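Inspection log for the structure reproduced underneath, given as structure tokens.
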Amino acid sequence: MKPKVLIVDGDAPTRRAVQAALRDAGLALFEADHGAAALRLARAVQPDLVVLNLQLGGHPDALALIDAWQADPERAITPLLLLGARGQAAERACAWQAGARHFVPLPVMAAPLRQAVLAMLALGGSPLQ
């Protein structure tokens, strides 16, 4: 069975870039464009990894979405790879505090994102160094 990756991003071009980077990696990809859809999809497909943009707006926003996942025993163990603005130390700190296991800067660069996702899945979601 293919590992399941849930991509959560309100920005369609970024979602497409993430999907393009992972398309041929042997993964089952699922997409959500807002927090409520992400919660529904996470319950339905039980992803092995979530790629989430910290800039996700709406309700719930990215941090509220992370809090909801962390509060749910079935999803709290799902590893998170967060996307955020390049060079924003505050976003990186926020990502780690929120429970991210890896952070990839935006704009998405296909090779580093793909490497991070595949490494996280191979390591069972362990943080990457």
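Within each chain, counting starts at residue 1; across the structure tokens, chains are named A, B, ... in the order shown, with ligands numbered 1 upward in that order.
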
Within 9 Å of segment 56-66 of chain A: each segment 73-95 of chain A residue with its shortest pair, only C-alpha atoms, as a tab-separated table:
```
residue	atom	partner	partner_atom	distance
A:Ala76	CA	A:Ile66	CA	8.8
A:Leu80	CA	A:Ile66	CA	8.6
A:Cys94	CA	A:Leu63	CA	8.8
A:Ala95	CA	A:Leu63	CA	8.8
```

Find the residues near segment 71-73 of chain A: any atom within 12 Å, counting only C-alpha atoms, skip ones fewer than 6 places away on the same chain, and give them as a tab-separated table (two decimals) with N, CA and C atoms, in the first residue's frame.
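Result file follows (selection_14.tsv):
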```
chain	number	residue	atom	x	y	z
A	39	LEU	N	-9.25	18.58	8.15
A	39	LEU	CA	-9.70	17.74	9.26
A	39	LEU	C	-10.56	16.57	8.77
A	42	ALA	N	-8.28	14.10	6.90
A	42	ALA	CA	-7.40	13.38	7.83
A	42	ALA	C	-8.16	12.25	8.51
A	43	ARG	N	-9.41	12.52	8.88
A	43	ARG	CA	-10.22	11.46	9.50
A	43	ARG	C	-10.52	10.34	8.50
A	64	ALA	N	-4.22	26.42	14.65
A	64	ALA	CA	-5.41	25.79	15.26
A	64	ALA	C	-5.59	24.38	14.73
A	65	LEU	N	-5.28	24.18	13.46
A	65	LEU	CA	-5.36	22.85	12.86
A	65	LEU	C	-4.37	21.90	13.53
A	98	ALA	N	5.04	24.01	17.42
A	98	ALA	CA	3.73	23.42	17.08
A	98	ALA	C	3.82	21.92	16.91
A	99	GLY	N	5.01	21.37	16.87
A	99	GLY	CA	5.13	19.92	16.75
A	99	GLY	C	5.60	19.44	15.40
```

DSSP-assigned strand (DSSP E or B) members of segment 3-127 of chain A, reported as a PyMOL selection string = chain A and resi 4-8+28-32+49-53+80-85+102-106

Take the residues just selected and output them with C-alpha atoms as a PDB file, in the first residue's frame.
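The resulting selection-v8.pdb:
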```pdb
ATOM      1  CA  LYS A   4      -0.623   8.568   2.196  1.00  0.00           C
ATOM      2  CA  VAL A   5       0.354  12.243   2.215  1.00  0.00           C
ATOM      3  CA  LEU A   6      -2.127  15.011   2.926  1.00  0.00           C
ATOM      4  CA  ILE A   7      -1.188  18.379   1.385  1.00  0.00           C
ATOM      5  CA  VAL A   8      -2.877  21.332   3.125  1.00  0.00           C
ATOM      6  CA  ALA A  28      -1.073   8.464  -2.493  1.00  0.00           C
ATOM      7  CA  LEU A  29      -1.628  12.233  -2.467  1.00  0.00           C
ATOM      8  CA  PHE A  30      -4.637  14.014  -0.992  1.00  0.00           C
ATOM      9  CA  GLU A  31      -5.258  17.762  -1.004  1.00  0.00           C
ATOM     10  CA  ALA A  32      -7.174  20.203   1.152  1.00  0.00           C
ATOM     11  CA  LEU A  49       2.364  12.426   6.738  1.00  0.00           C
ATOM     12  CA  VAL A  50       0.866  15.920   6.516  1.00  0.00           C
ATOM     13  CA  VAL A  51       2.477  18.732   4.510  1.00  0.00           C
ATOM     14  CA  LEU A  52       0.996  21.967   5.868  1.00  0.00           C
ATOM     15  CA  ASN A  53       1.602  25.609   4.948  1.00  0.00           C
ATOM     16  CA  LEU A  80       3.954  17.162  10.186  1.00  0.00           C
ATOM     17  CA  LEU A  81       6.173  18.788   7.597  1.00  0.00           C
ATOM     18  CA  LEU A  82       5.512  22.515   7.621  1.00  0.00           C
ATOM     19  CA  LEU A  83       6.056  24.966   4.790  1.00  0.00           C
ATOM     20  CA  GLY A  84       6.851  28.597   5.529  1.00  0.00           C
ATOM     21  CA  ALA A  85       8.531  31.749   4.325  1.00  0.00           C
ATOM     22  CA  HIS A 102      10.618  19.196   9.554  1.00  0.00           C
ATOM     23  CA  PHE A 103      10.352  22.636   7.950  1.00  0.00           C
ATOM     24  CA  VAL A 104      10.744  23.427   4.244  1.00  0.00           C
ATOM     25  CA  PRO A 105      10.957  27.064   3.129  1.00  0.00           C
ATOM     26  CA  LEU A 106       8.736  28.560   0.461  1.00  0.00           C
TER      27      LEU A 106
END
```

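Considering only C-alpha atoms, the residue among A:Thr14, A:Gln97, A:Thr78, A:Gln70 positioned nearest to Pro47 of chain A is A:Thr78.
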
ask   = Hey, can you check how far atom CA of Ala122 of chain A sits from atom CA of Arg23 of chain A?
value =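 The value is 17.2 Å.
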
query = Running DSSP on the backbone, which parts of segment 20-110 of chain A land in alpha helix (DSSP H), as a PyMOL selection string?
reply = chain A and resi 20-22+35-45+62-71+89-98+110

Those residues with N, CA, C and O atoms, as a short mmCIF file (atom, residue, chain, number, x, y, z; two decimals), in the first residue's frame please?
```
data_model
loop_
_atom_site.label_atom_id
_atom_site.label_comp_id
_atom_site.auth_asym_id
_atom_site.auth_seq_id
_atom_site.Cartn_x
_atom_site.Cartn_y
_atom_site.Cartn_z
N ALA A 20 3.27 18.29 -7.66
CA ALA A 20 4.19 17.99 -8.76
C ALA A 20 5.50 17.40 -8.23
O ALA A 20 6.05 16.47 -8.82
N ALA A 21 5.99 17.92 -7.10
CA ALA A 21 7.23 17.42 -6.52
C ALA A 21 7.10 15.98 -6.04
O ALA A 21 8.07 15.22 -6.06
N LEU A 22 5.88 15.60 -5.64
CA LEU A 22 5.68 14.27 -5.04
C LEU A 22 4.97 13.28 -5.96
O LEU A 22 4.85 12.10 -5.62
N GLY A 35 -8.62 24.47 6.40
CA GLY A 35 -8.51 23.66 7.60
C GLY A 35 -9.63 22.66 7.82
O GLY A 35 -9.39 21.51 8.20
N ALA A 36 -10.88 23.08 7.60
CA ALA A 36 -12.01 22.17 7.83
C ALA A 36 -11.94 20.98 6.88
O ALA A 36 -12.17 19.83 7.29
N ALA A 37 -11.57 21.22 5.62
CA ALA A 37 -11.43 20.12 4.66
C ALA A 37 -10.28 19.20 5.08
O ALA A 37 -10.36 17.98 4.94
N ALA A 38 -9.21 19.79 5.61
CA ALA A 38 -8.07 18.98 6.06
C ALA A 38 -8.46 18.06 7.21
O ALA A 38 -8.07 16.89 7.23
N LEU A 39 -9.25 18.58 8.15
CA LEU A 39 -9.70 17.74 9.26
C LEU A 39 -10.56 16.57 8.77
O LEU A 39 -10.39 15.43 9.21
N ARG A 40 -11.47 16.87 7.84
CA ARG A 40 -12.32 15.81 7.28
C ARG A 40 -11.48 14.76 6.55
O ARG A 40 -11.67 13.56 6.76
N LEU A 41 -10.56 15.22 5.70
CA LEU A 41 -9.72 14.28 4.95
C LEU A 41 -8.82 13.46 5.87
O LEU A 41 -8.62 12.27 5.65
N ALA A 42 -8.28 14.10 6.90
CA ALA A 42 -7.40 13.38 7.83
C ALA A 42 -8.16 12.25 8.51
O ALA A 42 -7.63 11.15 8.69
N ARG A 43 -9.41 12.52 8.88
CA ARG A 43 -10.22 11.46 9.50
C ARG A 43 -10.52 10.34 8.50
O ARG A 43 -10.51 9.17 8.86
N ALA A 44 -10.79 10.71 7.26
CA ALA A 44 -11.18 9.73 6.25
C ALA A 44 -10.01 8.88 5.76
O ALA A 44 -10.15 7.66 5.62
N VAL A 45 -8.86 9.50 5.49
CA VAL A 45 -7.76 8.75 4.86
C VAL A 45 -6.64 8.36 5.81
O VAL A 45 -5.81 7.53 5.48
N ALA A 62 -3.61 27.40 10.38
CA ALA A 62 -2.61 26.32 10.50
C ALA A 62 -2.35 25.93 11.95
O ALA A 62 -2.33 24.75 12.29
N LEU A 63 -2.15 26.92 12.82
CA LEU A 63 -1.83 26.59 14.21
C LEU A 63 -3.01 25.95 14.93
O LEU A 63 -2.84 25.01 15.71
N ALA A 64 -4.22 26.42 14.65
CA ALA A 64 -5.41 25.79 15.26
C ALA A 64 -5.59 24.38 14.73
O ALA A 64 -6.01 23.48 15.47
N LEU A 65 -5.28 24.18 13.46
CA LEU A 65 -5.36 22.85 12.86
C LEU A 65 -4.37 21.90 13.53
O LEU A 65 -4.71 20.77 13.88
N ILE A 66 -3.16 22.37 13.74
CA ILE A 66 -2.15 21.56 14.42
C ILE A 66 -2.61 21.23 15.83
O ILE A 66 -2.50 20.08 16.28
N ASP A 67 -3.15 22.21 16.54
CA ASP A 67 -3.66 21.96 17.90
C ASP A 67 -4.75 20.90 17.88
O ASP A 67 -4.79 20.03 18.75
N ALA A 68 -5.65 20.97 16.91
CA ALA A 68 -6.73 19.99 16.81
C ALA A 68 -6.16 18.59 16.57
O ALA A 68 -6.62 17.61 17.17
N TRP A 69 -5.15 18.49 15.70
CA TRP A 69 -4.54 17.19 15.45
C TRP A 69 -3.83 16.67 16.70
O TRP A 69 -3.94 15.49 17.03
N GLN A 70 -3.11 17.55 17.39
CA GLN A 70 -2.38 17.13 18.57
C GLN A 70 -3.32 16.67 19.69
O GLN A 70 -2.96 15.83 20.50
N ALA A 71 -4.52 17.23 19.72
CA ALA A 71 -5.50 16.87 20.75
C ALA A 71 -6.22 15.57 20.44
O ALA A 71 -6.86 14.99 21.32
N ALA A 89 12.88 33.27 10.77
CA ALA A 89 13.23 32.54 11.99
C ALA A 89 12.01 32.33 12.88
O ALA A 89 11.85 31.28 13.51
N ALA A 90 11.12 33.33 12.92
CA ALA A 90 9.93 33.21 13.75
C ALA A 90 9.03 32.08 13.27
O ALA A 90 8.45 31.36 14.08
N GLU A 91 8.92 31.90 11.94
CA GLU A 91 8.10 30.81 11.42
C GLU A 91 8.72 29.46 11.74
O GLU A 91 8.02 28.52 12.07
N ARG A 92 10.03 29.37 11.64
CA ARG A 92 10.69 28.10 11.99
C ARG A 92 10.46 27.76 13.45
O ARG A 92 10.14 26.63 13.80
N ALA A 93 10.64 28.75 14.33
CA ALA A 93 10.42 28.52 15.76
C ALA A 93 8.98 28.11 16.02
O ALA A 93 8.72 27.19 16.80
N CYS A 94 8.06 28.77 15.35
CA CYS A 94 6.64 28.44 15.49
C CYS A 94 6.38 27.01 15.03
O CYS A 94 5.63 26.26 15.66
N ALA A 95 7.01 26.61 13.94
CA ALA A 95 6.84 25.25 13.41
C ALA A 95 7.30 24.21 14.43
O ALA A 95 6.60 23.23 14.70
N TRP A 96 8.47 24.42 15.01
CA TRP A 96 8.99 23.45 15.98
C TRP A 96 8.12 23.41 17.23
O TRP A 96 7.83 22.34 17.75
N GLN A 97 7.69 24.58 17.70
CA GLN A 97 6.85 24.62 18.89
C GLN A 97 5.50 23.95 18.65
O GLN A 97 4.91 23.38 19.56
N ALA A 98 5.04 24.01 17.42
CA ALA A 98 3.73 23.42 17.08
C ALA A 98 3.82 21.92 16.91
O ALA A 98 2.79 21.25 16.79
N ALA A 110 11.32 21.46 -5.58
CA ALA A 110 10.89 20.06 -5.70
C ALA A 110 11.83 19.07 -5.04
O ALA A 110 11.40 18.23 -4.24
#
```

request  = Please measure the separation of atom CA of Ala12 of chain A and atom CA of Leu118 of chain A, giving the value in Å to one decimal.
outcome  =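 These two atoms are separated by 22.5 Å.
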
inquiry  = Using Å and a single decimal, report how far atom CA of Leu121 of chain A sits from atom CA of Arg15 of chain A.
reply    =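 Those two atoms sit 19.4 Å apart.
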